[in-house]
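Scroll down for the structure; my scribbles are underneath it.
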Amino acid sequence: MIGIEFYIGLFIFSLMVLMPVLDDWRKGKLDFLSPRNIFVAFFFLYYGLRTLDLYGSEVPLSFYDFGSGETKQAELTEVLYMSILGLTCFYFGYYGRVVVALEGFLPKFRDLPWSERRTGDVILLFLIAGAGASLYLFHLGGGFFYYLENINYVRLFVLTDVGYLKFLVNLLSIAVLLAGIQVYRTRKGGWFLFALAALSVFLNLIVAHRWAAMQTIMYLLVIWNCWQRRISAALMVTIVVALVIFNVSYGSYRSYTEEAESRILETGLESVVRLDEESQGYMNLFLSNIWNHFHGTDSLLYTRSLMKSEGASHHYGWYILQDILLVSVPRSLWPDKPNPSHVQFNNLMRAENPNYYNPEEKAGGVVQTILGELYWAGGLAGIAAGMYLVGLLCGVLYLYMLNHRNNPYIMILYATGIVHIVMLNGSLSVTFAKWLYMMVVIATVEFYMAMSAPRGAVIHENA
């Protein structure tokens, strides 16, 4: 009976994912990079395909102990129906009338001047800041080549309390966004855009985070999709496959070199991390990481299980608010700043209480994905309310772009939103906090560009 319920749930979940896409395709309005399609695609990977993969595996590769037989089937079936609840609430938010009302309150930036020279100044400033921060991080890590050879050790145990420097490196992706808009408007400087994008991807990948590197690519795709022409299905499949291979390959390499972590801790800073030929093969790690990267099902069940066993109570959004308020405060200025919510969750649920930011102590755990975070916040009610708000946010963002497609100021805001929606399923509160913090930077930049431009350089949205 449980098996039938599981496959019925999977069928309903799949229909809920596919029907809006097929309806848009039938109407000729299919946009693969819309906030809805991006969020729902990742949501299905985290909670649909991942659940199916675990259901069919006799010995699932996971950090959560599913048990076996009917117990395992029952738990995975519960995940499916909680996912259906979440996706239903997301659609209520996305298609609700509240979207139109809220979009009307957003700034329209009509008839604001646009200065190409001032935009170039901001691009140059962010290029200098990002490149300078990267050079300093290489210096702190023992030099460029030493950094590359020992990247895991350096990033885990040497480069601590440098979040503000990594943020400066991430500004390179904003420079690419601005340069992309500039190139589209002037039809000049394509070579510079390509070089800047390549530099941004490389530096963000090495010294910041692979998601920051992928943001650079996403910015260019959003500009192309909105202003040039809609990305076709064939091109979208190619892009997705390339990004998945890129992302999982990098994760697999990092996991592969983690085999030598014990040797790193024993021998100290001068140890060189090298591939261990006798350890697990790279290809095996690559294949396993394809599914393990999308661990939404695992983290939701892990959250429910530990809350029951440890008797933890719901926080009703407190930790989410804390992440939003504190993400912009450098730990170097506040050494005792509370840890991010996912770190606090892992520490609350374990007997030990490691200091995640202590370079002498290897701490960590499970990063909660969106349904896990929302369940911790308020149970099923938290999932329903949180997913409704996420759908509302995605709907407002998309309508905002559609109503003002040719406005470069709004395109900057929209593209910034899209790259963070890609990450919402992986970590809701931290991603949302970083999004709001980045919006402050974007708003400051846009104010500077608009107020400093000649009054004659006016944007006409219907141009």
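Letters A, B, ... mark the chains of the structure tokens in the order given; residue numbers begin at 1 per chain; ligand numbers begin at 1, in order shown.
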For the structure I just gave you, how does DSSP split segment 102-252 of chain A - specifically, which residues are helix (DSSP H, G or I)? Reply as a ChimeraX atom specification. /A:102-103,116-140,144-149,151-158,163-186,190-208,210-228,233-252
From A:Val430, A:Cys394, A:Ile181, A:Val98, residue lying nearest Ile418 of chain A [only C-alpha atoms]: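 Using only C-alpha atoms, the shortest distance to Ile418 of chain A belongs to A:Cys394.
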Which polymer residues have any atom within 9 Å of an atom of Tyr319 of chain A, counting only C-alpha atoms, with same-chain residues fewer than 5 positions away left out, as a PyMOL selection string? chain A and resi 324+340-342+344+377+429
Selection near Val100 of chain A, 9 Å with only C-alpha atoms, sequence-local residues under 2 positions removed, as a PyMOL selection string: chain A and resi 96-98+102-104+395-396+399
Have a look at atom CA of Val445 of chain A and atom CA of Pro408 of chain A and let me know their distance in Å, one decimal.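 Separation between atom CA of Val445 of chain A and atom CA of Pro408 of chain A: 12.6 Å.
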When distances are computed from only C-alpha atoms, which of A:Phe39, A:Phe202, A:Phe109, A:Trp211 shows the smallest separation from Glu446 of chain A?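 So, comparing all the options, the nearest one is A:Phe109.
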